[in-house]
>>> print(open('structure-v9.tsv').read())   # TSV, C-alpha atoms and all ligand atoms
chain	number	residue	atom	x	y	z
A	1	MET	CA	0.00	0.00	0.00
A	2	ASP	CA	1.25	3.45	-0.91
A	3	MET	CA	0.48	5.73	2.05
A	4	ALA	CA	2.30	8.91	3.03
A	5	GLN	CA	0.70	9.03	6.46
A	6	ARG	CA	0.50	5.98	8.68
A	7	PRO	CA	-0.76	7.08	12.12
A	8	ARG	CA	0.22	3.68	13.52
A	9	ARG	CA	3.92	4.58	13.02
A	10	LEU	CA	3.87	6.69	16.19
A	11	ARG	CA	2.03	4.02	18.17
A	12	LYS	CA	4.78	1.45	17.93
A	13	GLY	CA	6.12	0.79	21.37
A	14	GLU	CA	5.89	2.59	24.67
A	15	VAL	CA	8.95	4.76	24.10
A	16	LEU	CA	7.55	6.32	20.95
A	17	ARG	CA	4.04	6.58	22.40
A	18	SER	CA	5.37	8.45	25.41
A	19	LEU	CA	7.36	10.76	23.10
A	20	ALA	CA	4.41	11.63	20.89
A	21	ARG	CA	2.00	12.08	23.76
A	22	GLU	CA	-0.08	15.28	23.76
A	23	THR	CA	-1.11	15.38	27.40
A	24	ARG	CA	1.48	15.55	30.15
A	25	MET	CA	0.67	15.07	33.79
A	26	SER	CA	2.63	15.61	36.95
A	27	PRO	CA	1.98	14.82	40.60
A	28	ALA	CA	2.65	18.55	41.12
A	29	SER	CA	-0.74	19.33	39.59
A	30	LEU	CA	-2.71	17.07	41.92
A	31	ILE	CA	-4.68	18.10	44.98
A	32	TYR	CA	-6.20	15.68	47.49
A	33	PRO	CA	-9.42	16.49	49.43
A	34	VAL	CA	-9.25	15.79	53.18
A	35	PHE	CA	-12.18	15.56	55.61
A	36	ILE	CA	-11.44	16.52	59.19
A	37	LYS	CA	-13.72	15.83	62.11
A	38	GLU	CA	-13.83	16.78	65.74
A	39	GLY	CA	-12.66	14.34	68.39
A	40	GLU	CA	-9.61	12.18	68.91
A	41	ASN	CA	-8.07	9.05	67.61
A	42	ALA	CA	-10.65	8.32	64.94
A	43	VAL	CA	-10.36	7.40	61.30
A	44	GLU	CA	-13.84	6.74	59.98
A	45	GLU	CA	-14.50	5.26	56.59
A	46	ILE	CA	-17.11	7.14	54.51
A	47	ALA	CA	-19.79	4.59	53.63
A	48	ALA	CA	-20.54	5.96	50.17
A	49	MET	CA	-16.83	6.44	49.38
A	50	PRO	CA	-14.98	3.25	50.30
A	51	GLY	CA	-11.29	3.98	50.74
A	52	GLN	CA	-11.93	7.59	51.84
A	53	PHE	CA	-11.98	8.58	55.50
A	54	ARG	CA	-12.81	11.30	57.99
A	55	TYR	CA	-9.82	12.01	60.22
A	56	THR	CA	-9.53	13.59	63.63
A	57	VAL	CA	-6.73	16.16	63.76
A	58	ASP	CA	-4.40	13.91	65.77
A	59	ARG	CA	-4.62	11.19	63.10
A	60	LEU	CA	-3.77	13.47	60.18
A	61	PRO	CA	-0.01	12.77	60.28
A	62	PHE	CA	-0.63	9.18	59.13
A	63	LEU	CA	-2.48	10.42	56.09
A	64	ILE	CA	-0.04	13.22	55.35
A	65	GLU	CA	2.99	10.93	55.50
A	66	SER	CA	1.46	8.56	53.00
A	67	LEU	CA	0.33	11.41	50.73
A	68	LEU	CA	3.81	12.92	50.68
A	69	LYS	CA	5.28	9.50	49.94
A	70	SER	CA	2.95	9.20	46.95
A	71	GLY	CA	4.15	12.57	45.64
A	72	VAL	CA	1.04	14.58	46.50
A	73	ASP	CA	1.90	17.69	48.52
A	74	LYS	CA	-1.27	19.75	48.18
A	75	ILE	CA	-4.53	19.22	50.05
A	76	LEU	CA	-8.00	20.74	50.07
A	77	LEU	CA	-9.45	20.80	53.57
A	78	PHE	CA	-13.08	20.23	54.54
A	79	GLY	CA	-14.29	20.50	58.11
A	80	ILE	CA	-16.99	18.48	59.79
A	81	PRO	CA	-18.00	20.28	62.98
A	82	ASP	CA	-19.78	18.64	65.93
A	83	GLU	CA	-22.28	21.45	66.19
A	84	LYS	CA	-24.17	23.40	63.57
A	85	ASP	CA	-26.34	26.49	63.78
A	86	ALA	CA	-28.45	28.67	61.50
A	87	VAL	CA	-25.60	31.04	60.65
A	88	GLY	CA	-22.76	28.50	60.34
A	89	SER	CA	-20.68	29.98	63.19
A	90	GLY	CA	-18.32	27.01	63.16
A	91	ALA	CA	-17.04	28.06	59.74
A	92	TYR	CA	-15.54	31.34	60.95
A	93	SER	CA	-14.76	30.54	64.57
A	94	ASP	CA	-11.04	30.68	65.34
A	95	GLU	CA	-11.66	27.46	67.28
A	96	GLY	CA	-13.32	25.85	64.25
A	97	ILE	CA	-12.28	22.42	63.09
A	98	VAL	CA	-10.47	23.59	59.95
A	99	GLN	CA	-8.68	26.34	61.89
A	100	LYS	CA	-7.52	23.81	64.52
A	101	ALA	CA	-6.39	21.38	61.85
A	102	LEU	CA	-4.41	24.05	60.00
A	103	THR	CA	-2.62	25.11	63.16
A	104	GLU	CA	-1.54	21.53	63.86
A	105	ILE	CA	-0.65	20.67	60.25
A	106	LYS	CA	1.49	23.77	59.81
A	107	LYS	CA	3.46	22.98	62.99
A	108	GLU	CA	4.61	19.63	61.68
A	109	TYR	CA	4.34	20.01	57.90
A	110	PRO	CA	4.97	23.65	57.01
A	111	SER	CA	5.61	22.79	53.38
A	112	LEU	CA	2.36	20.89	52.84
A	113	TYR	CA	0.28	23.23	50.69
A	114	CYS	CA	-3.10	23.74	52.34
A	115	ILE	CA	-6.10	25.01	50.42
A	116	THR	CA	-9.37	25.40	52.32
A	117	ASP	CA	-12.91	25.01	51.05
A	118	VAL	CA	-14.78	28.14	52.08
A	119	CYS	CA	-18.49	27.47	52.47
A	120	LEU	CA	-21.14	27.42	55.18
A	121	CYS	CA	-23.04	24.25	54.23
A	122	GLU	CA	-21.11	21.90	56.52
A	123	TYR	CA	-21.74	24.32	59.40
A	124	THR	CA	-25.37	25.35	58.97
A	125	SER	CA	-28.18	23.42	60.67
A	126	HIS	CA	-30.23	23.70	57.45
A	127	GLY	CA	-27.35	22.56	55.21
A	128	HIS	CA	-27.50	25.47	52.78
A	129	CYS	CA	-24.39	27.31	51.66
A	130	GLY	CA	-25.45	30.63	53.11
A	131	VAL	CA	-27.74	32.20	55.70
A	132	LEU	CA	-31.47	32.10	55.17
A	133	SER	CA	-34.08	34.72	54.84
A	134	GLY	CA	-37.27	32.67	55.00
A	135	HIS	CA	-36.57	29.76	52.65
A	136	ASN	CA	-34.29	31.80	50.45
A	137	VAL	CA	-30.51	31.82	50.76
A	138	ASP	CA	-29.68	35.46	51.36
A	139	ASN	CA	-26.81	36.27	49.02
A	140	ASP	CA	-25.63	39.59	50.37
A	141	ALA	CA	-26.04	38.71	54.04
A	142	THR	CA	-23.85	35.64	53.41
A	143	LEU	CA	-20.91	37.51	51.86
A	144	PRO	CA	-19.39	38.94	55.09
A	145	LEU	CA	-19.58	35.47	56.72
A	146	LEU	CA	-17.73	33.87	53.82
A	147	ALA	CA	-15.11	36.60	53.91
A	148	LYS	CA	-14.70	36.10	57.68
A	149	THR	CA	-14.34	32.35	57.11
A	150	ALA	CA	-11.62	32.86	54.52
A	151	LEU	CA	-9.76	35.32	56.76
A	152	SER	CA	-9.84	32.99	59.76
A	153	HIS	CA	-8.55	30.11	57.60
A	154	VAL	CA	-5.68	32.25	56.37
A	155	ARG	CA	-4.86	33.43	59.90
A	156	ALA	CA	-4.70	29.79	60.96
A	157	GLY	CA	-2.25	28.99	58.15
A	158	ALA	CA	-4.17	28.33	54.91
A	159	ASP	CA	-2.02	28.93	51.85
A	160	MET	CA	-4.99	29.46	49.52
A	161	VAL	CA	-8.75	29.73	49.91
A	162	ALA	CA	-11.37	28.14	47.68
A	163	PRO	CA	-14.91	29.52	47.98
A	164	SER	CA	-17.46	26.89	46.91
A	165	ASP	CA	-20.75	28.49	47.97
A	166	MET	CA	-21.72	30.10	44.61
A	167	MET	CA	-22.97	33.35	46.13
A	168	ASP	CA	-22.63	36.28	43.74
A	169	GLY	CA	-19.82	38.63	44.70
A	170	ARG	CA	-18.08	36.34	47.17
A	171	VAL	CA	-14.69	36.41	45.48
A	172	GLY	CA	-14.67	40.21	45.65
A	173	ALA	CA	-15.77	40.20	49.29
A	174	ILE	CA	-13.06	37.70	50.24
A	175	ARG	CA	-10.33	39.51	48.25
A	176	LYS	CA	-11.22	42.81	49.89
A	177	LEU	CA	-11.10	41.47	53.45
A	178	LEU	CA	-7.86	39.55	52.85
A	179	ASP	CA	-6.24	42.64	51.35
A	180	GLU	CA	-7.41	44.86	54.20
A	181	ASN	CA	-5.66	42.45	56.52
A	182	ASN	CA	-2.48	42.47	54.46
A	183	TYR	CA	-2.90	39.00	53.03
A	184	ILE	CA	-2.38	40.38	49.55
A	185	ASP	CA	-0.36	37.33	48.47
A	186	VAL	CA	-2.87	34.65	49.41
A	187	PRO	CA	-4.49	33.38	46.21
A	188	ILE	CA	-8.15	32.59	45.69
A	189	MET	CA	-9.14	29.50	43.77
A	190	SER	CA	-12.76	30.10	42.98
A	191	TYR	CA	-15.24	27.29	42.49
A	192	SER	CA	-16.30	29.51	39.68
A	193	VAL	CA	-18.15	27.15	37.39
A	194	LYS	CA	-19.92	24.91	39.85
A	195	TYR	CA	-22.98	23.05	38.63
A	196	SER	CA	-25.86	21.86	40.73
A	197	SER	CA	-25.05	18.17	40.55
A	198	ALA	CA	-26.14	14.78	41.84
A	199	PHE	CA	-22.46	13.85	41.67
A	200	TYR	CA	-22.02	15.57	45.06
A	201	GLY	CA	-24.26	12.98	46.74
A	202	PRO	CA	-21.54	10.93	48.46
A	203	PHE	CA	-19.77	14.11	49.64
A	204	ARG	CA	-22.91	15.24	51.40
A	205	GLU	CA	-22.98	11.95	53.25
A	206	ALA	CA	-19.31	12.39	54.08
A	207	ALA	CA	-19.75	15.93	55.35
A	208	GLY	CA	-23.32	15.66	56.63
A	209	SER	CA	-24.16	18.70	54.51
A	210	ALA	CA	-27.26	17.75	52.55
A	211	PRO	CA	-29.78	20.61	52.54
A	212	ALA	CA	-32.62	20.02	55.02
A	213	PHE	CA	-35.15	21.37	52.50
A	214	GLY	CA	-35.05	22.24	48.82
A	215	ASP	CA	-31.87	21.97	46.81
A	216	ARG	CA	-28.99	24.12	45.62
A	217	ARG	CA	-30.35	25.04	42.21
A	218	GLY	CA	-31.03	28.58	43.35
A	219	TYR	CA	-27.28	29.25	43.55
A	220	GLN	CA	-25.39	26.47	41.75
A	221	MET	CA	-25.45	26.38	37.95
A	222	ASP	CA	-27.94	24.64	35.69
A	223	TYR	CA	-26.18	21.80	33.87
A	224	HIS	CA	-27.80	22.66	30.58
A	225	ASN	CA	-25.71	25.83	30.36
A	226	LYS	CA	-22.25	26.44	28.99
A	227	ARG	CA	-22.13	30.11	27.97
A	228	GLU	CA	-23.10	30.94	31.51
A	229	ALA	CA	-19.83	29.33	32.59
A	230	LEU	CA	-18.02	32.20	30.89
A	231	LYS	CA	-20.18	34.74	32.67
A	232	GLU	CA	-19.23	33.18	36.04
A	233	ALA	CA	-15.58	32.96	35.00
A	234	GLU	CA	-15.39	36.59	33.89
A	235	LEU	CA	-17.08	37.87	37.03
A	236	ASP	CA	-14.74	35.92	39.29
A	237	LEU	CA	-11.71	37.17	37.37
A	238	CYS	CA	-12.89	40.76	37.71
A	239	GLU	CA	-13.41	40.21	41.43
A	240	GLY	CA	-9.87	38.89	41.88
A	241	ALA	CA	-9.89	35.11	41.46
A	242	ASP	CA	-6.44	33.70	40.68
A	243	ILE	CA	-7.51	30.20	39.64
A	244	LEU	CA	-10.90	29.18	38.24
A	245	MET	CA	-12.36	25.78	38.96
A	246	VAL	CA	-14.85	23.74	36.99
A	247	LYS	CA	-16.82	21.17	38.95
A	248	PRO	CA	-17.74	18.32	38.50
A	249	ALA	CA	-15.16	17.13	35.96
A	250	LEU	CA	-16.16	14.06	33.98
A	251	SER	CA	-19.57	15.16	32.74
A	252	TYR	CA	-18.20	18.66	32.15
A	253	LEU	CA	-15.13	18.12	29.98
A	254	ASP	CA	-16.59	20.44	27.33
A	255	VAL	CA	-16.93	23.16	29.96
A	256	ILE	CA	-13.33	22.69	31.10
A	257	GLN	CA	-12.17	23.08	27.51
A	258	THR	CA	-14.31	26.17	26.88
A	259	VAL	CA	-13.20	27.89	30.08
A	260	LYS	CA	-9.56	27.04	29.42
A	261	ASN	CA	-9.73	28.56	25.96
A	262	SER	CA	-11.40	31.71	27.22
A	263	VAL	CA	-9.36	32.78	30.24
A	264	ASN	CA	-5.73	33.58	30.94
A	265	VAL	CA	-5.48	32.16	34.45
A	266	PRO	CA	-4.90	28.55	35.50
A	267	VAL	CA	-7.94	26.28	35.40
A	268	ALA	CA	-8.66	23.59	38.00
A	269	ALA	CA	-11.08	20.69	37.72
A	270	TYR	CA	-12.65	18.84	40.64
A	271	SER	CA	-13.39	15.18	40.03
A	272	VAL	CA	-16.04	14.96	42.71
A	273	SER	CA	-17.26	12.34	45.15
A	274	GLY	CA	-19.84	10.75	42.82
A	275	GLU	CA	-17.21	10.23	40.15
A	276	TYR	CA	-15.01	8.47	42.68
A	277	SER	CA	-17.86	6.37	44.07
A	278	MET	CA	-19.05	5.24	40.64
A	279	ILE	CA	-15.61	3.99	39.70
A	280	LYS	CA	-15.09	2.38	43.10
A	281	ALA	CA	-18.45	0.62	43.06
A	282	ALA	CA	-18.09	-0.70	39.52
A	283	ALA	CA	-14.57	-1.89	40.32
A	284	ARG	CA	-15.76	-3.66	43.47
A	285	MET	CA	-18.41	-5.41	41.42
A	286	GLY	CA	-15.68	-6.57	39.07
A	287	PHE	CA	-17.23	-4.74	36.11
A	288	ILE	CA	-14.25	-2.53	35.30
A	289	ASP	CA	-10.53	-2.45	35.99
A	290	GLU	CA	-10.09	0.30	38.57
A	291	ALA	CA	-6.48	1.22	37.79
A	292	SER	CA	-7.11	1.53	34.06
A	293	ILE	CA	-10.22	3.63	34.59
A	294	ILE	CA	-8.39	5.94	37.02
A	295	CYS	CA	-5.68	6.48	34.41
A	296	GLU	CA	-8.05	7.07	31.52
A	297	THR	CA	-10.37	9.43	33.36
A	298	ALA	CA	-7.48	11.47	34.81
A	299	ALA	CA	-5.90	11.82	31.37
A	300	SER	CA	-9.24	12.86	29.88
A	301	ILE	CA	-9.64	15.71	32.38
A	302	PHE	CA	-6.13	17.01	31.65
A	303	ARG	CA	-6.68	16.53	27.90
A	304	ALA	CA	-9.78	18.75	28.19
A	305	GLY	CA	-7.41	21.46	29.33
A	306	THR	CA	-7.31	21.56	33.11
A	307	ASP	CA	-4.03	22.69	34.66
A	308	MET	CA	-4.67	21.00	37.97
A	309	LEU	CA	-6.91	18.23	39.27
A	310	ILE	CA	-8.57	17.80	42.62
A	311	SER	CA	-9.26	14.10	43.03
A	312	TYR	CA	-9.91	11.48	45.69
A	313	TYR	CA	-7.68	9.29	43.53
A	314	ALA	CA	-4.78	11.79	43.62
A	315	PRO	CA	-2.34	9.40	45.37
A	316	GLU	CA	-3.14	6.61	42.90
A	317	ILE	CA	-2.82	8.96	39.91
A	318	ALA	CA	0.53	10.19	41.21
A	319	GLY	CA	1.65	6.58	41.50
A	320	PHE	CA	0.63	5.77	37.93
A	321	ILE	CA	2.43	8.88	36.64
A	322	ARG	CA	5.56	7.88	38.53
A	323	GLU	CA	5.43	4.38	37.11
A	324	GLY	CA	5.13	5.85	33.62
A	325	ARG	CA	1.75	4.25	33.09
A	326	ILE	CA	0.25	7.64	32.20
A	327	GLY	CA	1.60	11.12	31.52
B	401	LIG	C1	-19.44	22.70	49.65
B	401	LIG	C2	-18.89	21.71	48.71
B	401	LIG	C3	-19.49	20.60	48.11
B	401	LIG	C4	-18.49	19.94	47.39
B	401	LIG	C5	-17.32	20.69	47.53
B	401	LIG	N1	-17.60	21.80	48.33
B	401	LIG	C6	-20.87	20.08	48.23
B	401	LIG	C7	-22.00	20.80	47.63
B	401	LIG	O1	-21.85	21.85	46.99
B	401	LIG	O2	-23.11	20.32	47.85
B	401	LIG	C8	-18.63	18.66	46.64
B	401	LIG	C9	-17.38	17.85	46.53
B	401	LIG	C10	-17.60	16.43	46.11
B	401	LIG	O3	-18.72	15.99	45.80
B	401	LIG	O4	-16.60	15.71	46.10
B	401	LIG	N2	-20.39	23.56	49.13
>>> encode(input="structure-v9.tsv", output="structure tokens", more="lines below")
Ligand code: PBG
Amino acid sequence: MDMAQRPRRLRKGEVLRSLARETRMSPASLIYPVFIKEGENAVEEIAAMPGQFRYTVDRLPFLIESLLKSGVDKILLFGIPDEKDAVGSGAYSDEGIVQKALTEIKKEYPSLYCITDVCLCEYTSHGHCGVLSGHNVDNDATLPLLAKTALSHVRAGADMVAPSDMMDGRVGAIRKLLDENNYIDVPIMSYSVKYSSAFYGPFREAAGSAPAFGDRRGYQMDYHNKREALKEAELDLCEGADILMVKPALSYLDVIQTVKNSVNVPVAAYSVSGEYSMIKAAARMGFIDEASIICETAASIFRAGTDMLISYYAPEIAGFIREGRIG
């Protein structure tokens, strides 16, 4: 056969395949979500997320050592308080669970990069991401509380804050308060393009943060929309976001690509709890090969254009990159 182009030529052998590869991954771009609970000496498996745990602060070193060994040195912290109230006081208390965890982590592991999720839903008795006015989440009344939460995280040692509440104007409110307190160098990673998604189901079990009534469609995005993602992205950039996140990841690869092509800041993707649980469950049933699916899904999210990936599989992905199986 007379053929000038034979695509198979570049597929011959692992050495050539790895040379011609279009998507490169590094453990440096991975972030691992960590759930921290009150109490002592407890590591509790999350029922809907086998292999993921809630840790008390004193048990964090075990996790951190194994993360660092796997090559993951960045975490995203979520707090699970013992007590909740209508205004989510635990989120911005200097004695809050995330604040306590940060203080301890930074004593022993100053170089571990700590990003904090800034939201009220884990701390409110009604489970919504802001304070209520009747049955409505009051956007503007929530902003100062989110800003206070971010500031108290940074005071306790957070390296970066990541607001996930989807209130309008929260990036600007946080930036302003951080700047007024001279934290001009602390970046904001905004959960900018966050869809209202059933893929957060297992997380809400993990964090006990399911809304007591209604749902989050009044503030999180409608999954039919893509141009709206650019509206959110532009607003957050104008308000001072340094990194924009798209969430969830796997059903939103088109959105990741669109956002990446439209902005000039780094883009993050969050492969959320439901994505993890689906893979885990199918693997446990013997229907799929877990390692191969982890590799393929991680590569697909980076191929879509993300610069960094938040994933419950971060340590595994780092391992596969190190072994040369992907990346
Ligand atoms: C807090 C928050 C949620 C997630 C991250 N931050 C839950 C939600 O919005 O309901 C989901 C993460 C996951 O599912 O892994 N607002």
>>> atom_distance(input="structure-v9.tsv", atom1="CA of Gly134 (chain A)", atom2="CA of Lys176 (chain A)")
28.4 Å
>>> atom_distance(input="structure-v9.tsv", atom1="CA of Thr297 (chain A)", atom2="CA of Arg54 (chain A)")
24.8 Å
>>> closest_atom_pairs(input="structure-v9.tsv", of="region 2-119 of chain A", to="region 153-167 of chain A", cutoff="8 Å", atoms="all atoms listed in the file", output="tab-separated table")
residue	atom	partner	partner_atom	distance
A:Tyr92	CA	A:His153	CA	7.8
A:Asp94	CA	A:Ala156	CA	7.8
A:Val98	CA	A:His153	CA	7.2
A:Gln99	CA	A:Ala156	CA	5.3
A:Lys100	CA	A:Ala156	CA	7.5
A:Leu102	CA	A:Gly157	CA	5.7
A:Thr103	CA	A:Ala156	CA	5.6
A:Lys106	CA	A:Gly157	CA	6.6
A:Tyr113	CA	A:Asp159	CA	6.3
A:Cys114	CA	A:Asp159	CA	5.3
A:Ile115	CA	A:Met160	CA	4.7
A:Thr116	CA	A:Val161	CA	5.0
A:Asp117	CA	A:Ala162	CA	4.9
A:Val118	CA	A:Pro163	CA	4.3
A:Cys119	CA	A:Asp165	CA	5.1
>>> write_last_selection(input="structure-v9.tsv", atoms="C-alpha atoms", output="PDB file, in the frame of the given file")
ATOM      1  CA  TYR A  92     -15.540  31.340  60.950  1.00  0.00           C
ATOM      2  CA  ASP A  94     -11.040  30.680  65.340  1.00  0.00           C
ATOM      3  CA  VAL A  98     -10.470  23.590  59.950  1.00  0.00           C
ATOM      4  CA  GLN A  99      -8.680  26.340  61.890  1.00  0.00           C
ATOM      5  CA  LYS A 100      -7.520  23.810  64.520  1.00  0.00           C
ATOM      6  CA  LEU A 102      -4.410  24.050  60.000  1.00  0.00           C
ATOM      7  CA  THR A 103      -2.620  25.110  63.160  1.00  0.00           C
ATOM      8  CA  LYS A 106       1.490  23.770  59.810  1.00  0.00           C
ATOM      9  CA  TYR A 113       0.280  23.230  50.690  1.00  0.00           C
ATOM     10  CA  CYS A 114      -3.100  23.740  52.340  1.00  0.00           C
ATOM     11  CA  ILE A 115      -6.100  25.010  50.420  1.00  0.00           C
ATOM     12  CA  THR A 116      -9.370  25.400  52.320  1.00  0.00           C
ATOM     13  CA  ASP A 117     -12.910  25.010  51.050  1.00  0.00           C
ATOM     14  CA  VAL A 118     -14.780  28.140  52.080  1.00  0.00           C
ATOM     15  CA  CYS A 119     -18.490  27.470  52.470  1.00  0.00           C
TER      16      CYS A 119
END
>>> atom_distance(input="structure-v9.tsv", atom1="CA of Thr124 (chain A)", atom2="CA of Asp222 (chain A)")
23.4 Å
>>> closest_atom_pairs(input="structure-v9.tsv", of="chain A", to="ligand LIG 401 (chain B)", cutoff="7 Å", atoms="all atoms listed in the file", output="tab-separated table")
residue	atom	partner	partner_atom	distance
A:Asp117	CA	B:LIG401	N1	6.3
A:Cys119	CA	B:LIG401	N2	5.5
A:Cys121	CA	B:LIG401	N2	5.8
A:Cys129	CA	B:LIG401	N2	6.0
A:Ser164	CA	B:LIG401	N2	5.0
A:Asp165	CA	B:LIG401	N2	5.1
A:Phe199	CA	B:LIG401	O3	6.0
A:Tyr200	CA	B:LIG401	O3	3.4
A:Gly201	CA	B:LIG401	O3	6.4
A:Pro202	CA	B:LIG401	O3	6.4
A:Phe203	CA	B:LIG401	O3	4.4
A:Arg204	CA	B:LIG401	C6	6.1
A:Ser209	CA	B:LIG401	O2	6.9
A:Ala210	CA	B:LIG401	O2	6.8
A:Ser271	CA	B:LIG401	O4	6.9
A:Val272	CA	B:LIG401	O4	3.5
A:Ser273	CA	B:LIG401	O4	3.6
A:Gly274	CA	B:LIG401	O3	6.1
>>> closest_residue(input="structure-v9.tsv", among="A:Ser70, A:Ser93, A:Ser192, A:Gln220", to="Thr149 (chain A)", atoms="all atoms listed in the file")
A:Ser93
>>> residues_around(input="structure-v9.tsv", residues="Leu143 (chain A)", least_positions_apart="4", cutoff="10 Å", atoms="only C-alpha atoms", output="list in words")
Gly130, Val131, Asp138, Asn139, Ala147, Lys148, Thr149, Asp165, Met167, Asp168, Gly169, Arg170, Val171, Gly172, Ala173 and Ile174 of chain A
>>> write_last_selection(input="structure-v9.tsv", atoms="C-alpha atoms", output="tab-separated table (two decimals), in the frame of the given file")
chain	number	residue	atom	x	y	z
A	130	GLY	CA	-25.45	30.63	53.11
A	131	VAL	CA	-27.74	32.20	55.70
A	138	ASP	CA	-29.68	35.46	51.36
A	139	ASN	CA	-26.81	36.27	49.02
A	147	ALA	CA	-15.11	36.60	53.91
A	148	LYS	CA	-14.70	36.10	57.68
A	149	THR	CA	-14.34	32.35	57.11
A	165	ASP	CA	-20.75	28.49	47.97
A	167	MET	CA	-22.97	33.35	46.13
A	168	ASP	CA	-22.63	36.28	43.74
A	169	GLY	CA	-19.82	38.63	44.70
A	170	ARG	CA	-18.08	36.34	47.17
A	171	VAL	CA	-14.69	36.41	45.48
A	172	GLY	CA	-14.67	40.21	45.65
A	173	ALA	CA	-15.77	40.20	49.29
A	174	ILE	CA	-13.06	37.70	50.24
>>> residues_near_point(input="structure-v9.tsv", point="(-26.5, 22.9, 56.8)", cutoff="9 Å", atoms="all atoms listed in the file", output="NGL selection string")
:A and (84-86 or 88 or 120-130 or 208-212)
>>> residues_around(input="structure-v9.tsv", residues="region 247-255 of chain A", least_positions_apart="2", cutoff="6 Å", atoms="only C-alpha atoms", output="number ranges by chain")
A: 194, 257-258, 269-272, 304
>>> residues_around(input="structure-v9.tsv", residues="Ser262 (chain A)", least_positions_apart="2", cutoff="12 Å", atoms="all atoms listed in the file", output="list in words")
Arg227, Ala229, Leu230, Lys231, Glu232, Ala233, Glu234, Leu237, Leu244, Val255, Ile256, Gln257, Thr258, Val259, Lys260, Asn264, Val265, Pro266, Val267 and Gly305 of chain A
>>> closest_residue(input="structure-v9.tsv", among="A:Ile97, A:Asp185, A:Ser190, A:Asp140", to="Ser152 (chain A)", atoms="only C-alpha atoms")
A:Ile97
>>> closest_residue(input="structure-v9.tsv", among="A:Ile75, A:Met3, A:Met49, A:Ala281", to="Ser111 (chain A)", atoms="all atoms listed in the file")
A:Ile75
>>> closest_residue(input="structure-v9.tsv", among="A:Pro7, A:Pro61, A:Gly79, A:Gly286", to="Tyr109 (chain A)", atoms="all atoms listed in the file")
A:Pro61
>>> closest_residue(input="structure-v9.tsv", among="A:Val246, A:Met1, A:Ala206, A:Val87", to="Ser277 (chain A)", atoms="all atoms listed in the file")
A:Ala206
>>> closest_residue(input="structure-v9.tsv", among="A:Arg11, A:Arg6, A:Lys280, A:His135", to="Gly51 (chain A)", atoms="all atoms listed in the file")
A:Lys280
>>> residues_around(input="structure-v9.tsv", residues="Cys295 (chain A)", least_positions_apart="5", cutoff="9 Å", atoms="all atoms listed in the file", output="number ranges by chain")
A: 290, 300, 316-317, 320-321, 325-326
>>> residues_around(input="structure-v9.tsv", residues="Leu19 (chain A)", least_positions_apart="5", cutoff="12 Å", atoms="all atoms listed in the file", output="list of chain:residue names")
A:Leu10, A:Arg11, A:Lys12, A:Gly13, A:Glu14, A:Arg24, A:Gly324, A:Ile326, A:Gly327
>>> build_atoms(input="structure-v9.tsv", residues="region 264-275 of chain A", atoms="N, CA and C atoms", output="PDB file, in the coordinates of the input")
ATOM      1  N   ASN A 264      -7.201  33.611  30.923  1.00  0.00           N
ATOM      2  CA  ASN A 264      -5.730  33.580  30.940  1.00  0.00           C
ATOM      3  C   ASN A 264      -5.184  33.309  32.338  1.00  0.00           C
ATOM      4  N   VAL A 265      -5.970  32.605  33.133  1.00  0.00           N
ATOM      5  CA  VAL A 265      -5.480  32.160  34.450  1.00  0.00           C
ATOM      6  C   VAL A 265      -5.537  30.637  34.471  1.00  0.00           C
ATOM      7  N   PRO A 266      -4.839  30.011  35.413  1.00  0.00           N
ATOM      8  CA  PRO A 266      -4.900  28.550  35.500  1.00  0.00           C
ATOM      9  C   PRO A 266      -6.317  28.051  35.773  1.00  0.00           C
ATOM     10  N   VAL A 267      -6.624  26.890  35.214  1.00  0.00           N
ATOM     11  CA  VAL A 267      -7.940  26.280  35.400  1.00  0.00           C
ATOM     12  C   VAL A 267      -7.760  25.000  36.233  1.00  0.00           C
ATOM     13  N   ALA A 268      -8.668  24.814  37.181  1.00  0.00           N
ATOM     14  CA  ALA A 268      -8.660  23.590  38.000  1.00  0.00           C
ATOM     15  C   ALA A 268      -9.942  22.815  37.709  1.00  0.00           C
ATOM     16  N   ALA A 269      -9.883  21.514  37.836  1.00  0.00           N
ATOM     17  CA  ALA A 269     -11.080  20.690  37.720  1.00  0.00           C
ATOM     18  C   ALA A 269     -11.192  19.838  38.985  1.00  0.00           C
ATOM     19  N   TYR A 270     -12.418  19.659  39.442  1.00  0.00           N
ATOM     20  CA  TYR A 270     -12.650  18.840  40.640  1.00  0.00           C
ATOM     21  C   TYR A 270     -13.419  17.582  40.219  1.00  0.00           C
ATOM     22  N   SER A 271     -12.725  16.462  40.277  1.00  0.00           N
ATOM     23  CA  SER A 271     -13.390  15.180  40.030  1.00  0.00           C
ATOM     24  C   SER A 271     -14.055  14.784  41.342  1.00  0.00           C
ATOM     25  N   VAL A 272     -15.356  14.944  41.409  1.00  0.00           N
ATOM     26  CA  VAL A 272     -16.040  14.960  42.710  1.00  0.00           C
ATOM     27  C   VAL A 272     -16.392  13.576  43.236  1.00  0.00           C
ATOM     28  N   SER A 273     -16.991  13.583  44.416  1.00  0.00           N
ATOM     29  CA  SER A 273     -17.260  12.340  45.150  1.00  0.00           C
ATOM     30  C   SER A 273     -18.004  11.299  44.313  1.00  0.00           C
ATOM     31  N   GLY A 274     -19.047  11.722  43.596  1.00  0.00           N
ATOM     32  CA  GLY A 274     -19.840  10.750  42.820  1.00  0.00           C
ATOM     33  C   GLY A 274     -19.028  10.094  41.718  1.00  0.00           C
ATOM     34  N   GLU A 275     -18.069  10.816  41.174  1.00  0.00           N
ATOM     35  CA  GLU A 275     -17.210  10.230  40.150  1.00  0.00           C
ATOM     36  C   GLU A 275     -16.343   9.141  40.775  1.00  0.00           C
TER      37      GLU A 275
END
